[in-house]
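This is my_file-v9.txt (compact mmCIF, C-alpha atoms and all ligand atoms).
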```
# COMPACT_ATOMS: atom_id res chain seq x y z
CA MET A 197 7.82 56.28 2.86
CA ASN A 198 10.05 57.68 5.45
CA ILE A 199 13.27 58.09 3.52
CA ASP A 200 15.33 57.84 6.66
CA SER A 201 14.43 54.28 7.36
CA ILE A 202 13.89 51.19 5.32
CA LYS A 203 13.01 47.85 6.81
CA ASN A 204 14.62 45.36 4.43
CA GLY A 205 16.74 46.34 1.45
CA PHE A 206 19.74 48.48 0.53
CA VAL A 207 21.19 51.87 1.16
CA ILE A 208 23.68 52.75 -1.58
CA ASP A 209 25.73 55.50 0.00
CA HIS A 210 28.69 57.76 -0.90
CA ILE A 211 27.69 57.96 -4.55
CA LYS A 212 29.57 60.76 -6.30
CA ALA A 213 27.23 63.76 -6.49
CA GLY A 214 25.42 63.64 -9.83
CA LYS A 215 25.88 59.90 -10.41
CA GLY A 216 22.70 58.89 -8.58
CA MET A 217 20.41 59.09 -11.61
CA GLU A 218 22.88 57.12 -13.74
CA ILE A 219 22.83 54.30 -11.21
CA TYR A 220 19.03 54.50 -10.99
CA GLU A 221 18.83 54.03 -14.75
CA LYS A 222 21.56 51.41 -15.18
CA LEU A 223 20.13 49.25 -12.39
CA ASN A 224 16.62 49.63 -13.88
CA LEU A 225 15.27 50.77 -10.51
CA ASN A 226 12.26 52.34 -12.24
CA LYS A 227 11.05 48.78 -12.96
CA LEU A 228 10.79 47.83 -9.30
CA ASP A 229 7.45 47.53 -7.53
CA CYS A 230 8.88 48.73 -4.21
CA GLN A 231 9.72 52.19 -2.97
CA VAL A 232 12.99 53.74 -4.13
CA ALA A 233 14.36 57.04 -2.85
CA ILE A 234 17.07 59.06 -4.56
CA ILE A 235 18.65 61.77 -2.49
CA THR A 236 20.88 64.09 -4.44
CA ASN A 237 23.41 66.61 -3.19
CA ALA A 238 23.33 65.34 0.37
CA LYS A 239 26.01 66.70 2.67
CA SER A 240 28.99 64.40 3.08
CA LYS A 241 31.82 64.68 5.55
CA LYS A 242 34.21 62.97 3.14
CA THR A 243 33.45 64.46 -0.27
CA GLY A 244 31.37 67.55 0.37
CA ARG A 245 28.34 66.39 -1.63
CA LYS A 246 27.04 62.93 -2.41
CA ASP A 247 24.01 61.07 -3.71
CA ILE A 248 22.22 58.27 -1.86
CA ILE A 249 19.79 55.65 -3.12
CA LYS A 250 17.53 53.67 -0.81
CA ILE A 251 15.70 50.58 -2.02
CA ASP A 252 12.99 49.19 0.23
CA LYS A 253 13.22 45.57 -0.91
CA ASN A 254 15.72 42.74 -0.90
CA ILE A 255 16.36 42.58 -4.66
CA ASN A 256 19.33 41.25 -6.63
CA ILE A 257 21.39 44.28 -7.53
CA ASP A 258 24.17 44.08 -10.09
CA ILE A 259 27.25 44.85 -7.98
CA ASP A 260 29.41 44.96 -11.17
CA ILE A 261 27.49 47.96 -12.47
CA LEU A 262 28.06 49.81 -9.21
CA GLY A 263 31.74 48.85 -9.21
CA PHE A 264 32.10 50.12 -12.75
CA ILE A 265 30.35 53.43 -12.10
CA ASP A 266 32.18 54.17 -8.85
CA PRO A 267 34.12 51.71 -6.65
CA GLY A 268 34.00 54.36 -3.89
CA ILE A 269 30.31 53.62 -3.26
CA THR A 270 29.27 51.98 0.01
CA ILE A 271 26.55 49.34 -0.15
CA ASN A 272 24.66 48.82 3.12
CA ILE A 273 22.41 45.79 3.46
CA VAL A 274 19.47 46.40 5.77
CA LYS A 275 17.48 43.69 7.52
CA ASP A 276 14.80 44.32 10.13
CA ASP A 277 15.77 48.00 10.35
CA LYS A 278 19.43 47.21 10.99
CA ILE A 279 22.51 47.42 8.78
CA ILE A 280 23.78 43.84 8.74
CA ASP A 281 26.52 44.20 6.12
CA LYS A 282 28.48 46.99 4.49
CA PHE A 283 30.97 46.83 1.59
CA HIS A 284 32.51 48.58 -1.43
CA PRO A 285 31.88 47.11 -4.89
CA GLU A 286 34.97 46.13 -6.89
CA ALA A 287 35.60 47.36 -10.42
CA PRO A 288 34.69 44.31 -12.56
CA ASN A 289 37.21 42.85 -15.01
CA GLU A 290 34.67 42.70 -17.80
CA LEU A 291 31.57 44.73 -18.70
CA ILE A 292 29.06 42.97 -20.90
CA ASN A 293 26.26 45.06 -22.39
CA ILE A 294 26.50 47.72 -19.70
CA VAL A 295 27.91 50.46 -21.91
CA GLU A 296 28.27 50.82 -25.68
CA CYS A 297 31.45 51.70 -27.55
CA GLN A 298 31.46 55.33 -28.67
CA ASN A 299 34.05 54.86 -31.44
CA PRO A 300 32.22 55.49 -34.76
CA ARG A 301 34.81 53.31 -36.53
CA CYS A 302 34.13 50.34 -34.22
CA ILE A 303 32.50 47.23 -35.73
CA THR A 304 29.91 47.35 -32.92
CA SER A 305 28.52 50.52 -34.55
CA VAL A 306 27.29 48.55 -37.59
CA GLU A 307 27.24 44.81 -36.98
CA LYS A 308 23.99 43.51 -35.47
CA ASP A 309 23.68 41.25 -32.43
CA LEU A 310 27.15 41.82 -31.01
CA ASP A 311 27.61 41.96 -27.26
CA HIS A 312 29.21 45.21 -26.14
CA ILE A 313 32.25 44.06 -24.19
CA PHE A 314 34.79 46.15 -22.28
CA ILE A 315 37.85 44.81 -20.50
CA LEU A 316 39.54 46.43 -17.50
CA THR A 317 43.08 46.87 -18.87
CA ASP A 318 44.49 49.20 -16.21
CA LYS A 319 43.12 48.58 -12.73
CA GLU A 320 45.00 51.43 -11.08
CA ASN A 321 43.56 54.08 -13.39
CA GLN A 322 40.23 52.30 -14.03
CA VAL A 323 40.78 52.13 -17.79
CA TYR A 324 38.33 49.99 -19.73
CA ARG A 325 38.95 49.18 -23.39
CA CYS A 326 36.52 47.91 -26.01
CA LYS A 327 37.19 44.25 -26.76
CA TYR A 328 36.75 44.92 -30.50
CA CYS A 329 38.49 48.22 -31.28
CA GLU A 330 40.48 48.70 -28.03
CA MET A 331 39.33 52.30 -27.70
CA SER A 332 39.35 53.35 -24.06
CA LEU A 333 36.03 54.19 -22.48
CA LYS A 334 35.62 57.90 -21.84
CA ARG A 335 33.80 58.91 -18.72
CA MET B 1351 47.46 29.74 -33.43
CA LYS B 1352 44.40 29.56 -35.65
CA ASN B 1353 44.02 33.21 -36.63
CA LEU B 1354 46.18 36.31 -36.79
CA ILE B 1355 44.14 39.29 -35.63
CA ASP B 1356 46.64 41.29 -33.58
CA ILE B 1357 50.45 41.13 -33.56
CA LYS B 1358 50.19 40.66 -29.77
CA ASP B 1359 48.60 37.25 -30.49
CA LEU B 1360 52.05 36.00 -31.50
CA SER B 1361 54.75 35.06 -29.00
CA VAL B 1362 58.39 35.96 -29.65
CA GLU B 1363 59.01 32.28 -30.47
CA GLU B 1364 56.19 32.22 -33.00
CA ILE B 1365 57.51 35.40 -34.66
CA ASN B 1366 61.02 33.94 -34.78
CA ASN B 1367 59.64 30.78 -36.29
CA LEU B 1368 57.76 32.71 -39.01
CA ILE B 1369 60.92 34.66 -39.81
CA GLU B 1370 62.98 31.47 -40.09
CA VAL B 1371 60.42 29.94 -42.46
CA ALA B 1372 60.28 33.14 -44.55
CA LYS B 1373 64.08 33.12 -44.86
CA ASP B 1374 64.02 29.47 -45.86
CA ILE B 1375 61.41 30.26 -48.54
CA MET B 1376 63.63 33.07 -49.90
CA ALA B 1377 66.57 30.68 -50.11
CA ASN B 1378 64.63 27.70 -51.51
CA ARG B 1379 61.74 29.00 -53.63
CA GLU B 1380 61.30 25.71 -55.55
CA LYS B 1381 60.83 23.68 -52.38
CA TYR B 1382 57.70 25.66 -51.51
CA SER B 1383 56.09 26.03 -54.93
CA HIS B 1384 53.56 23.20 -54.44
CA LYS B 1385 52.99 23.35 -50.68
CA CYS B 1386 49.47 24.75 -51.11
CA ASP B 1387 48.36 22.83 -54.19
CA GLY B 1388 44.57 22.55 -54.14
CA LYS B 1389 44.15 25.15 -51.36
CA LYS B 1390 42.22 28.38 -51.75
CA LEU B 1391 42.82 31.76 -50.12
CA ALA B 1392 39.87 34.17 -50.04
CA THR B 1393 40.85 37.85 -49.99
CA LEU B 1394 37.87 39.76 -48.61
CA PHE B 1395 38.66 43.45 -48.99
CA PHE B 1396 35.72 45.43 -47.66
CA GLU B 1397 37.80 48.52 -48.41
CA PRO B 1398 40.35 48.69 -51.21
CA SER B 1399 44.07 48.22 -50.59
CA THR B 1400 45.58 47.01 -53.80
CA ARG B 1401 49.11 46.49 -52.49
CA THR B 1402 48.16 44.40 -49.49
CA ARG B 1403 45.74 42.32 -51.56
CA LEU B 1404 48.29 41.68 -54.31
CA SER B 1405 50.87 40.70 -51.72
CA PHE B 1406 48.53 38.08 -50.24
CA GLU B 1407 47.50 36.80 -53.65
CA ALA B 1408 51.09 36.57 -54.88
CA ALA B 1409 52.03 34.75 -51.68
CA MET B 1410 49.31 32.11 -52.14
CA MET B 1411 50.06 31.71 -55.85
CA GLU B 1412 53.72 31.20 -55.16
CA LEU B 1413 52.79 28.38 -52.79
CA GLY B 1414 50.83 26.71 -55.60
CA GLY B 1415 47.41 27.69 -54.21
CA ASN B 1416 44.53 29.62 -55.74
CA VAL B 1417 42.84 32.86 -54.78
CA LEU B 1418 39.32 34.24 -54.91
CA GLY B 1419 37.58 37.21 -53.34
CA PHE B 1420 36.56 40.82 -53.80
CA SER B 1421 38.49 44.06 -53.72
CA GLU B 1422 35.87 46.53 -52.44
CA ALA B 1423 32.61 46.42 -50.54
CA SER B 1424 30.47 47.86 -53.36
CA SER B 1425 31.06 44.74 -55.44
CA SER B 1426 30.10 42.40 -52.62
CA SER B 1427 27.07 41.32 -50.66
CA VAL B 1428 28.02 43.85 -47.97
CA SER B 1429 26.49 46.56 -50.12
CA LYS B 1430 23.23 44.62 -49.71
CA GLY B 1431 23.61 44.86 -45.95
CA GLU B 1432 25.00 41.43 -45.11
CA SER B 1433 26.73 41.17 -41.73
CA VAL B 1434 30.40 40.25 -41.30
CA ALA B 1435 29.31 37.13 -39.42
CA ASP B 1436 27.18 35.89 -42.35
CA THR B 1437 29.75 36.75 -45.03
CA ILE B 1438 32.43 34.83 -43.16
CA ARG B 1439 30.27 31.74 -42.66
CA VAL B 1440 29.52 31.63 -46.38
CA VAL B 1441 33.08 32.29 -47.58
CA GLY B 1442 34.34 29.62 -45.18
CA CYS B 1443 32.47 27.09 -47.35
CA TYR B 1444 34.48 28.12 -50.40
CA SER B 1445 37.99 28.63 -49.05
CA ASP B 1446 40.63 27.18 -46.74
CA ILE B 1447 41.89 30.46 -45.30
CA ILE B 1448 40.70 34.08 -45.37
CA ALA B 1449 42.61 37.38 -45.49
CA MET B 1450 40.24 40.18 -44.57
CA ARG B 1451 40.48 43.95 -44.67
CA HIS B 1452 37.64 46.01 -43.22
CA PRO B 1453 37.14 49.72 -42.47
CA LYS B 1454 35.56 48.96 -39.09
CA GLU B 1455 37.89 48.28 -36.19
CA GLY B 1456 37.45 44.85 -34.64
CA ALA B 1457 35.72 43.36 -37.70
CA PRO B 1458 38.36 40.61 -38.17
CA PHE B 1459 37.98 39.70 -34.48
CA VAL B 1460 34.22 39.28 -35.04
CA ALA B 1461 34.98 37.22 -38.16
CA ALA B 1462 37.35 34.96 -36.24
CA GLN B 1463 34.61 34.18 -33.69
CA LYS B 1464 32.34 32.87 -36.45
CA SER B 1465 34.78 31.37 -38.92
CA THR B 1466 35.48 27.71 -39.54
CA VAL B 1467 38.73 28.54 -41.38
CA PRO B 1468 41.74 30.65 -40.25
CA ILE B 1469 41.34 34.44 -40.48
CA ILE B 1470 44.19 36.84 -41.19
CA ASN B 1471 43.57 40.49 -40.38
CA ALA B 1472 44.77 42.42 -43.43
CA GLY B 1473 44.00 45.76 -41.75
CA ASP B 1474 40.98 47.00 -39.77
CA GLY B 1475 40.52 50.78 -39.94
CA GLY B 1476 43.12 52.62 -37.89
CA HIS B 1477 43.49 49.66 -35.54
CA ASN B 1478 45.66 46.64 -36.43
CA HIS B 1479 47.61 45.51 -39.46
CA PRO B 1480 49.67 42.59 -38.17
CA THR B 1481 51.06 41.40 -41.51
CA GLN B 1482 52.55 44.88 -42.06
CA THR B 1483 54.28 44.55 -38.70
CA LEU B 1484 55.53 41.06 -39.58
CA THR B 1485 56.83 42.51 -42.86
CA ASP B 1486 58.65 45.23 -40.92
CA LEU B 1487 60.14 42.67 -38.54
CA LEU B 1488 61.38 40.45 -41.37
CA THR B 1489 62.90 43.52 -43.05
CA ILE B 1490 64.70 44.53 -39.86
CA ASN B 1491 65.93 41.00 -39.27
CA CYS B 1492 67.20 40.54 -42.84
CA GLU B 1493 68.76 44.00 -43.16
CA LYS B 1494 70.23 44.38 -39.66
CA GLY B 1495 70.63 40.72 -38.69
CA ARG B 1496 69.24 41.27 -35.19
CA PHE B 1497 66.30 42.52 -33.13
CA ASP B 1498 68.25 43.98 -30.21
CA ASN B 1499 70.60 46.96 -29.75
CA LEU B 1500 68.91 49.15 -32.35
CA THR B 1501 68.16 52.87 -32.49
CA ILE B 1502 65.00 53.30 -34.54
CA GLY B 1503 63.78 56.65 -35.83
CA VAL B 1504 60.08 56.81 -36.71
CA CYS B 1505 59.05 59.87 -38.65
CA GLY B 1506 55.82 61.47 -39.82
CA ASP B 1507 52.32 60.88 -38.52
CA LEU B 1508 52.93 59.28 -35.14
CA LYS B 1509 49.48 60.19 -33.85
CA PHE B 1510 47.32 58.16 -36.21
CA GLY B 1511 50.04 55.97 -37.74
CA ARG B 1512 49.08 52.47 -36.67
CA THR B 1513 52.10 50.86 -38.33
CA VAL B 1514 54.33 52.90 -36.03
CA HIS B 1515 52.30 52.00 -32.93
CA SER B 1516 52.46 48.31 -33.82
CA LEU B 1517 56.18 48.48 -34.58
CA ILE B 1518 56.88 50.07 -31.19
CA THR B 1519 54.73 47.41 -29.51
CA ALA B 1520 56.49 44.59 -31.36
CA MET B 1521 59.99 45.97 -30.65
CA SER B 1522 59.20 46.45 -26.95
CA ARG B 1523 59.90 42.74 -26.43
CA TYR B 1524 63.56 43.03 -27.43
CA LYS B 1525 66.60 44.30 -25.53
CA ASN B 1526 68.21 47.71 -25.76
CA ILE B 1527 65.89 49.31 -28.29
CA LYS B 1528 65.86 53.10 -28.46
CA PHE B 1529 63.17 55.04 -30.32
CA VAL B 1530 63.58 58.53 -31.77
CA LEU B 1531 60.08 59.90 -32.34
CA ILE B 1532 60.10 62.50 -35.11
CA SER B 1533 56.87 64.37 -35.82
CA PRO B 1534 55.29 67.82 -36.05
CA LYS B 1535 53.72 68.82 -32.74
CA GLU B 1536 50.20 68.19 -34.12
CA LEU B 1537 51.03 64.56 -34.86
CA THR B 1538 53.01 63.41 -31.82
CA ILE B 1539 52.70 59.90 -30.44
CA PRO B 1540 49.62 59.36 -28.21
CA ASP B 1541 50.15 59.36 -24.45
CA TYR B 1542 48.97 55.79 -24.03
CA ILE B 1543 51.76 54.49 -26.31
CA LYS B 1544 54.29 56.34 -24.13
CA LYS B 1545 52.79 55.20 -20.84
CA GLU B 1546 51.55 51.71 -21.66
CA ILE B 1547 54.37 50.61 -23.96
CA LEU B 1548 57.53 52.74 -23.96
CA GLU B 1549 57.63 53.57 -20.26
CA LYS B 1550 56.11 50.32 -19.04
CA ASN B 1551 58.88 48.40 -20.79
CA ASN B 1552 61.60 50.84 -19.68
CA MET B 1553 62.46 51.69 -23.27
CA GLN B 1554 64.59 54.70 -24.07
CA TYR B 1555 62.97 57.29 -26.31
CA CYS B 1556 63.23 60.93 -27.26
CA GLU B 1557 61.00 63.27 -29.23
CA THR B 1558 61.94 65.88 -31.81
CA ASN B 1559 60.41 67.66 -34.77
CA ASP B 1560 63.77 67.87 -36.56
CA ILE B 1561 64.48 64.89 -38.80
CA GLU B 1562 68.21 65.64 -38.85
CA GLU B 1563 68.74 66.08 -35.09
CA TYR B 1564 69.46 62.41 -34.30
CA MET B 1565 70.20 61.22 -37.86
CA GLU B 1566 73.76 60.10 -37.12
CA GLU B 1567 72.59 57.76 -34.31
CA LEU B 1568 69.96 55.88 -36.28
CA ASP B 1569 70.21 52.24 -37.36
CA ILE B 1570 66.73 52.35 -38.87
CA LEU B 1571 64.66 55.25 -40.17
CA TYR B 1572 60.99 54.37 -40.58
CA MET B 1573 59.18 56.99 -42.66
CA THR B 1574 55.38 57.21 -42.78
CA ARG B 1575 52.84 59.01 -44.88
CA VAL B 1576 50.35 61.53 -43.49
CA GLN B 1577 46.98 60.03 -44.40
CA ARG B 1578 44.22 62.29 -45.66
CA GLU B 1579 41.45 60.02 -44.30
CA ARG B 1580 42.63 60.56 -40.69
CA PHE B 1581 41.92 64.32 -40.87
CA PHE B 1582 38.60 66.04 -40.39
CA ASN B 1583 40.01 69.27 -41.72
CA GLU B 1584 41.49 69.51 -45.23
CA ASP B 1585 43.60 72.57 -44.28
CA ASP B 1586 45.38 70.64 -41.53
CA TYR B 1587 46.13 67.84 -43.97
CA VAL B 1588 47.56 70.17 -46.61
CA ARG B 1589 49.69 71.95 -44.02
CA LEU B 1590 51.17 68.74 -42.58
CA LYS B 1591 51.45 66.36 -45.51
CA ASP B 1592 54.79 67.69 -46.75
CA TYR B 1593 56.23 68.51 -43.32
CA TYR B 1594 59.02 65.97 -43.81
CA ILE B 1595 60.71 65.21 -47.08
CA LEU B 1596 63.68 62.90 -46.74
CA ASN B 1597 66.30 63.55 -49.43
CA LYS B 1598 69.97 62.81 -50.07
CA GLU B 1599 71.02 66.06 -48.41
CA LYS B 1600 69.35 65.15 -45.09
CA LEU B 1601 71.07 61.76 -45.09
CA LYS B 1602 74.54 63.34 -45.08
CA LYS B 1603 75.29 62.52 -41.45
CA ALA B 1604 73.49 59.16 -41.47
CA LYS B 1605 75.29 55.87 -40.86
CA GLN B 1606 76.50 53.96 -43.91
CA ASP B 1607 74.40 50.95 -42.89
CA LEU B 1608 71.22 52.88 -42.08
CA CYS B 1609 68.09 51.01 -43.16
CA ILE B 1610 65.37 53.33 -44.55
CA MET B 1611 61.90 51.80 -44.39
CA HIS B 1612 58.41 52.90 -45.45
CA PRO B 1613 55.18 50.86 -45.47
CA LEU B 1614 54.27 52.36 -48.89
CA PRO B 1615 52.62 53.88 -50.77
CA ARG B 1616 54.69 57.00 -50.33
CA VAL B 1617 53.54 60.43 -51.43
CA ASN B 1618 56.24 63.10 -51.06
CA GLU B 1619 57.92 62.10 -47.81
CA ILE B 1620 60.86 60.39 -49.50
CA ALA B 1621 62.39 62.18 -52.49
CA THR B 1622 63.05 59.91 -55.45
CA ASP B 1623 66.78 60.80 -55.29
CA VAL B 1624 66.96 58.48 -52.25
CA ASP B 1625 65.64 55.46 -54.17
CA ASP B 1626 69.01 54.50 -55.65
CA ASP B 1627 70.83 54.88 -52.34
CA GLU B 1628 71.73 51.44 -51.04
CA ARG B 1629 70.27 52.41 -47.66
CA ALA B 1630 66.78 52.64 -49.20
CA CYS B 1631 65.04 49.39 -48.21
CA TYR B 1632 61.38 50.23 -48.85
CA PHE B 1633 60.99 48.38 -52.13
CA LYS B 1634 62.81 45.37 -50.71
CA GLN B 1635 60.46 45.66 -47.74
CA ALA B 1636 57.47 45.16 -50.06
CA GLY B 1637 59.17 42.00 -51.34
CA TYR B 1638 59.71 40.72 -47.80
CA GLY B 1639 55.98 41.25 -47.27
CA LYS B 1640 55.17 38.48 -49.72
CA PHE B 1641 57.57 36.00 -48.10
CA ILE B 1642 56.35 36.56 -44.56
CA ARG B 1643 52.76 36.15 -45.77
CA MET B 1644 53.78 32.86 -47.39
CA ALA B 1645 55.22 31.71 -44.06
CA LEU B 1646 52.06 32.83 -42.26
CA ILE B 1647 49.72 31.01 -44.66
CA LEU B 1648 51.74 27.81 -44.21
CA LYS B 1649 51.64 28.16 -40.44
CA LEU B 1650 47.90 28.81 -40.24
CA LEU B 1651 47.15 25.93 -42.62
CA GLU B 1652 49.51 23.75 -40.56
CA ILE B 1653 51.52 22.78 -43.64
CA LYS B 1654 55.11 21.85 -42.88
ZN ZN A 1701 34.79 49.55 -29.93
```
Represent the structure contained in this file as structure tokens.
Amino acid sequence: MNIDSIKNGFVIDHIKAGKGMEIYEKLNLNKLDCQVAIITNAKSKKTGRKDIIKIDKNINIDIDILGFIDPGITINIVKDDKIIDKFHPEAPNELINIVECQNPRCITSVEKDLDHIFILTDKENQVYRCKYCEMSLKR
Amino acid sequence: MKNLIDIKDLSVEEINNLIEVAKDIMANREKYSHKCDGKKLATLFFEPSTRTRLSFEAAMMELGGNVLGFSEASSSSVSKGESVADTIRVVGCYSDIIAMRHPKEGAPFVAAQKSTVPIINAGDGGHNHPTQTLTDLLTINCEKGRFDNLTIGVCGDLKFGRTVHSLITAMSRYKNIKFVLISPKELTIPDYIKKEILEKNNMQYCETNDIEEYMEELDILYMTRVQRERFFNEDDYVRLKDYYILNKEKLKKAKQDLCIMHPLPRVNEIATDVDDDERACYFKQAGYGKFIRMALILKLLEIK
């Protein structure tokens, strides 16, 4: 695969350097049957260094996960070798089963079959709190 | 309102209504003595808290109802590994209302999702304890006659002290409230309480480690205990537990109508020579706790 060009799919650009692998894992990109390229530590005019992920297939990607990890990401949609759309993901109001609460005193640490739910309580500062114990998510 | 999990679940009107009912109960005990005839309150205490449990049980008994339950997890099915969800579904078959205390934060919220009867959070770890806050509010209302224009000193463990955090949150809805935050530097109030509650609501506050510095300005002095279970390090606990000891001497400059509160149990933070001072309200406060719980049980069971 020529990592410079994909025919149909996505280019996830302007990922904070070092966050590329996290996105790869959270989006389960290892499960895809198409080609996926991760470029780490690419030069960026804006931020110095960035990661880029290219996916050579038109799959359903979970925009909420991207918005949670970094709303500064740019998602480019590629069709027939051309970028046909470009946007930033928004930080979602609710995260369900994307991250687990790290508070050892939280009920989610012992009770089985609970969804892990986080609510965006402070949009400006991107603060998410556990729906059960209200502990803020550390990142 | 079907459950009480977090004090923020209650509107100002609902709180005022509970306080009015509690005051009516205090004035007319007979009138309420059969309101809950034939009803059962289950007290599910997954961790022990004798005072809170007795307060709930006394409240239900005084309404003519009955109580059942357990006082620690080792004597219950939890020790066999039963989930909160299952316990609550079963107990709901045997009772009309449940008061639940649990060491894990958010457990009463989980219970409320699964329960067929009203759930009252009687304390979940270091998180919420809404009936303590209601008790504090009834005490303030009865002793001061108002919820606005008050200078409130809170003293002791402001870092882990959830009763203080809840009190600040509850008082943030009223006008012209000033907080004096008194703590050693290791136990100061968390930043998020300052930013998300005090500053967001434009409340006045100041911080000091000297209990006497603002004594003459206070309308209320809320003392708290430093809790051993919040410390990872025994040395830190020993060093900080007796940092503040309120005694007669330190009250010299205090107002004559100061109201001294404490959620109890106390350890050393209030000397016993204060107990006979008419400004000491902490034992009365425990009494108010029963009346507000009576009002809450009536409200959740929709009994008029
Ligand atoms: Zn949690």
Any chance you could tabulate, as a Markdown table, the residues of chain B at most 10 Å from ligand ZN 1701 (chain A) with each one's nearest atom pair and distance in Å to one decimal, using all atoms listed in the file, in chain and rising number order?
```
| residue | atom | partner | partner_atom | distance |
| --- | --- | --- | --- | --- |
| B:Lys1454 | CA | A:ZN1701 | ZN | 9.2 |
| B:Glu1455 | CA | A:ZN1701 | ZN | 7.1 |
| B:Gly1456 | CA | A:ZN1701 | ZN | 7.2 |
| B:Ala1457 | CA | A:ZN1701 | ZN | 10.0 |
```
Saved selection, atoms kept: C-alpha atoms, as a PDB file, in the coordinates of the input:
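Contents of out37.pdb, freshly written:
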```
ATOM      1  CA  LYS B1454      35.560  48.960 -39.090  1.00  0.00           C
ATOM      2  CA  GLU B1455      37.890  48.280 -36.190  1.00  0.00           C
ATOM      3  CA  GLY B1456      37.450  44.850 -34.640  1.00  0.00           C
ATOM      4  CA  ALA B1457      35.720  43.360 -37.700  1.00  0.00           C
TER       5      ALA B1457
END
```
So for segment 230-243 of chain A, what box centre and size do we get, axis-aligned, 5 Å extra on each of the six sides, every listed atom, Å to one decimal, as AutoDock Vina command-line options?
```
--center_x 21.5 --center_y 57.7 --center_z 0.5 --size_x 35.3 --size_y 28.0 --size_z 20.1
```
Q | 10 Å contacts from chain B to chain A using all atoms listed in the file, as a VMD selection string | A | chain B and resid 1431 to 1435 1452 to 1460 1474 to 1478 1542 1546
Q. Can you tell me, as a list in words, what residues are no more than 12 Å from Ala1462 of chain B when counting only C-alpha atoms, ignoring any on the same chain fewer than 4 positions away?
A.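 Selected residues are Tyr328 of chain A; Met1351, Lys1352, Asn1353, Leu1354, Ile1355, Asp1356, Val1434, Ala1435, Asp1436, Thr1437, Ile1438, Arg1439, Gly1442, Ile1447, Ile1448, Ala1449, Met1450, Gly1456, Ala1457, Pro1458, Thr1466, Val1467, Pro1468, Ile1469, Ile1470 and Asn1471 of chain B.
Atom CA of Lys203 of chain A to atom CA of Gln231 of chain A spans 11.2 Å [interatomic distance, one decimal].
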Q: Would you list the contacts of segment 1603-1610 of chain B as a ChimeraX atom specification, taking every protein, DNA or RNA residue within 7 Å and counting only C-alpha atoms, but skipping same-chain residues closer than 2 positions in sequence?
A: /B:1565-1566,1568-1572,1601,1629-1632
Q. Skipping near chain neighbours, those fewer than 3 positions away, what residues fall within 10 Å of segment 1410-1416 of chain B using all atoms listed in the file, listed as a PyMOL selection string?
A. chain B and resi 1375+1379-1392+1404-1407+1445+1640-1641+1643-1645+1647-1648
